[in-house]
Amino acid sequence: MNRTRIGFYRGVPILLGAAYLSACGGDGAESGNTADTRTDAPAVADAAQPSPRPLPAIPENYSPIGVFSAPFAEPTIVVDGEVVETDEKCITTEDGLQECKPAAGTMALLPDDRLLYLNALEGTENVELSIVAEFGEVSVNDQTRVLSLGNDDRPDWLKPSPLRGGANPDGNDSETLLGGTPLDGLLDTADNTNRNDGALFCSDVIGLADGSVMAVGGTDYYSEPGIDGLPLGVAELEGIKNSRIFDPTTNTWRQTGDMNFGRWYPSMVTLPDSKIFVASGVTKLLKPVYPEEPINSGRNVVQTETFNPCTGVWTQNPSTADRSLPLYPRLHLLPNGHVLYNAGGQAFNPFGQGYDQALWNIVATFDPASQRWNDIGYAGLPLRLDEVGLGQLASTLNLTNLTEDQLRLFTEDLLSSTDGLISSVTDLLTSPGDSVLTTDTLIKAIGGGMRGSTSSTMLPLKPNENGEYNDVELLTAGGVPSYALLTSPGGYLPTDQSRIDRIETNGDQIGYESRLTGALNQPRWYGTNVVMPDGSVMVFSGGTRDGVVLPGLEGAIMTAERFDPETET
């Protein structure tokens, strides 16, 4: 589940909120209707006004075809406290374990053009029989590095401090099945070591307005069931509540406020006021059972939270902001300040992960002002749910938001749009001539809905005739589709299908339509997209099938592809 985040393009509102953040002006208060606020968090240091950066320029010798450099690797490994220079990937320690060079599992571009990267699944090389049986014991917290590329792209590395992000040095308060009972610790190894209680694997990273980078969530590894001293058990990957901030001026990590929920593989978005919105993640990946909160068992974290960079405090949003989403949901900030969920994310195809995962097929927007979600429609299809009284469908079906007020809102919307619902369904099924049931629509339906492990990339914004940026186009390419089964996920093999979703904003009004583009040259599971200086999109990496269900059976895709937005091929 390697994930690459390049640049701060997700932080479009950074410029809008820079003044707010630098001065921490206004009352800085959270919405009065929040359900729970963390007050035990240390405040973030005063944020400095970000220094202006020159506008990017396309070099005269720029070529859209591009060329790869020769591969390179960090030249040293620290083994038993000594720095060893080696070309090898790993070196065996005195204890017989493999100490390896960290990989760039997640990357972020720093303001000075250096790259911060985080390792992923550190300790995998020490698995001998089964990662499920052993990784709760052999895993360790992930290392971090800062990479500089000098003249002629000459690489140079720096080790941040603390090297592994610094989360939970005294251990994590793990949510084990027998936690809080006299049998706590009898059938798990959560407390046998602190070396793997604060891993950065499956955290999300985001750029803050002062140029620092925040990493939220991550992994607490242990075996459950498992017995201390035995090397085998059943691994558990528990999402943690930690938030760490990397300061590129000092190359150091510091801890800031904890979230209210442990999250493994969440997603963050910077809001127009420079606050950070977080959604999804899961608290226990393999055994999501929570005896103290049974309503949250069997699915991902539905509660959302908002982070105030001026105070270092996470605030749980009201229940109207709850939503069931896949892991690492593809979220984007729209020009009107709403957050769009584009029906993409991580799922364990073809077996699934949550009992309510059919709701992941629905494209939706979140309004930070009203703290409500609005359902737009089934991804890729023309039927608009919010135009036929079903804009509150997913929110109403969510058990944590099943209130009298929510039922009233849903009923009022539905009753006021009954005629529109009947007309839309009738048109969808029976309209002659210009019927939406064309070959194009059927192809979109087969590849529509929630895409597992897909890419979702915002193309460069274009102003209208008044110089306003109101419309957004998002490129979705590859991934594992639901194959129109109305469940998610529905398949195991990826698709080559590519589409563009166009979202038009006019105040709080949202327009949505999809169109097919040229297909990828090969089906691709979990490709990574990068927007290039000329507006084209490069697609790197990926696999030939879902690599989570049966690890090792997928084939690595070594070739890159380029998408031209002008020709849509």
# chains A, B, ... in the order shown; residues from 1 in each chain; ligands from 1
call {"tool": "residues_around", "arguments": {"residues": "stretch 476-483 of chain A", "least_positions_apart": "4", "cutoff": "8 Å", "atoms": "only C-alpha atoms", "output": "PyMOL selection string"}}
result
chain A and resi 349+445-457+487-501+519-520+523-527+546
call {"tool": "closest_atom_pairs", "arguments": {"of": "stretch 179-239 of chain A", "to": "stretch 155-169 of chain A", "cutoff": "10 Å", "atoms": "only C-alpha atoms", "output": "JSON lines"}}
result
{"residue": "A:Asn194", "atom": "CA", "partner": "A:Pro169", "partner_atom": "CA", "distance": 6.4}
{"residue": "A:Arg195", "atom": "CA", "partner": "A:Pro169", "partner_atom": "CA", "distance": 7.8}
{"residue": "A:Asn196", "atom": "CA", "partner": "A:Asn168", "partner_atom": "CA", "distance": 9.0}
{"residue": "A:Asp197", "atom": "CA", "partner": "A:Asn168", "partner_atom": "CA", "distance": 6.2}
{"residue": "A:Gly198", "atom": "CA", "partner": "A:Ala167", "partner_atom": "CA", "distance": 4.8}
{"residue": "A:Ala199", "atom": "CA", "partner": "A:Arg164", "partner_atom": "CA", "distance": 7.5}
{"residue": "A:Leu200", "atom": "CA", "partner": "A:Gly165", "partner_atom": "CA", "distance": 7.4}
{"residue": "A:Ala215", "atom": "CA", "partner": "A:Gly165", "partner_atom": "CA", "distance": 8.9}
{"residue": "A:Gly217", "atom": "CA", "partner": "A:Ala167", "partner_atom": "CA", "distance": 9.8}
{"residue": "A:Gly218", "atom": "CA", "partner": "A:Ala167", "partner_atom": "CA", "distance": 9.5}
{"residue": "A:Asp220", "atom": "CA", "partner": "A:Asn168", "partner_atom": "CA", "distance": 9.2}
call {"tool": "atom_distance", "arguments": {"atom1": "atom CA of A:Ser536", "atom2": "atom CA of A:Ala209"}}
result
26.3 Å
call {"tool": "closest_residue", "arguments": {"among": "A:Leu475, A:Val216, A:Leu459, A:Val548", "to": "A:Gly535", "atoms": "only C-alpha atoms"}}
result
A:Leu459
call {"tool": "atom_distance", "arguments": {"atom1": "atom CA of A:Gln392", "atom2": "atom CA of A:Arg323"}}
result
10.9 Å
call {"tool": "residues_around", "arguments": {"residues": "stretch 502-513 of chain A", "least_positions_apart": "3", "cutoff": "10 Å", "atoms": "only C-alpha atoms", "output": "ChimeraX atom specification"}}
result
/A:334-338,340,363,365,367,374,376-377,379-384,386,469-475,499
call {"tool": "decode", "arguments": {"residues": "stretch 126-142 of chain A", "atoms": "N, CA and C atoms", "output": "short mmCIF file (atom, residue, chain, number, x, y, z; two decimals), in the first residue's frame"}}
result
data_model
loop_
_atom_site.label_atom_id
_atom_site.label_comp_id
_atom_site.auth_asym_id
_atom_site.auth_seq_id
_atom_site.Cartn_x
_atom_site.Cartn_y
_atom_site.Cartn_z
N ASN A 126 12.37 -8.92 7.83
CA ASN A 126 12.62 -9.91 8.88
C ASN A 126 11.50 -10.93 9.02
N VAL A 127 10.51 -10.87 8.13
CA VAL A 127 9.46 -11.88 8.11
C VAL A 127 10.00 -13.13 7.45
N GLU A 128 9.84 -14.27 8.08
CA GLU A 128 10.37 -15.52 7.56
C GLU A 128 9.28 -16.42 6.99
N LEU A 129 8.10 -16.44 7.61
CA LEU A 129 7.05 -17.37 7.18
C LEU A 129 5.83 -16.64 6.64
N SER A 130 5.25 -15.76 7.43
CA SER A 130 3.99 -15.11 7.05
C SER A 130 3.94 -13.72 7.67
N ILE A 131 3.63 -12.72 6.84
CA ILE A 131 3.54 -11.35 7.36
C ILE A 131 2.37 -11.22 8.32
N VAL A 132 1.29 -11.96 8.09
CA VAL A 132 0.14 -11.90 9.00
C VAL A 132 0.51 -12.48 10.36
N ALA A 133 1.28 -13.56 10.38
CA ALA A 133 1.61 -14.24 11.63
C ALA A 133 2.74 -13.57 12.39
N GLU A 134 3.64 -12.87 11.68
CA GLU A 134 4.86 -12.39 12.32
C GLU A 134 4.99 -10.88 12.46
N PHE A 135 4.25 -10.12 11.63
CA PHE A 135 4.59 -8.70 11.54
C PHE A 135 4.23 -7.93 12.81
N GLY A 136 3.32 -8.44 13.61
CA GLY A 136 3.05 -7.78 14.88
C GLY A 136 4.25 -7.76 15.80
N GLU A 137 5.23 -8.65 15.55
CA GLU A 137 6.40 -8.76 16.41
C GLU A 137 7.66 -8.20 15.78
N VAL A 138 7.85 -8.34 14.47
CA VAL A 138 9.12 -7.91 13.85
C VAL A 138 9.06 -6.49 13.31
N SER A 139 7.89 -5.87 13.26
CA SER A 139 7.77 -4.52 12.73
C SER A 139 8.40 -3.51 13.67
N VAL A 140 8.85 -2.39 13.11
CA VAL A 140 9.39 -1.27 13.89
C VAL A 140 8.86 0.03 13.29
N ASN A 141 8.94 1.10 14.08
CA ASN A 141 8.50 2.40 13.58
C ASN A 141 9.32 2.83 12.38
N ASP A 142 8.67 3.50 11.45
CA ASP A 142 9.30 3.85 10.17
C ASP A 142 10.25 5.02 10.31
#
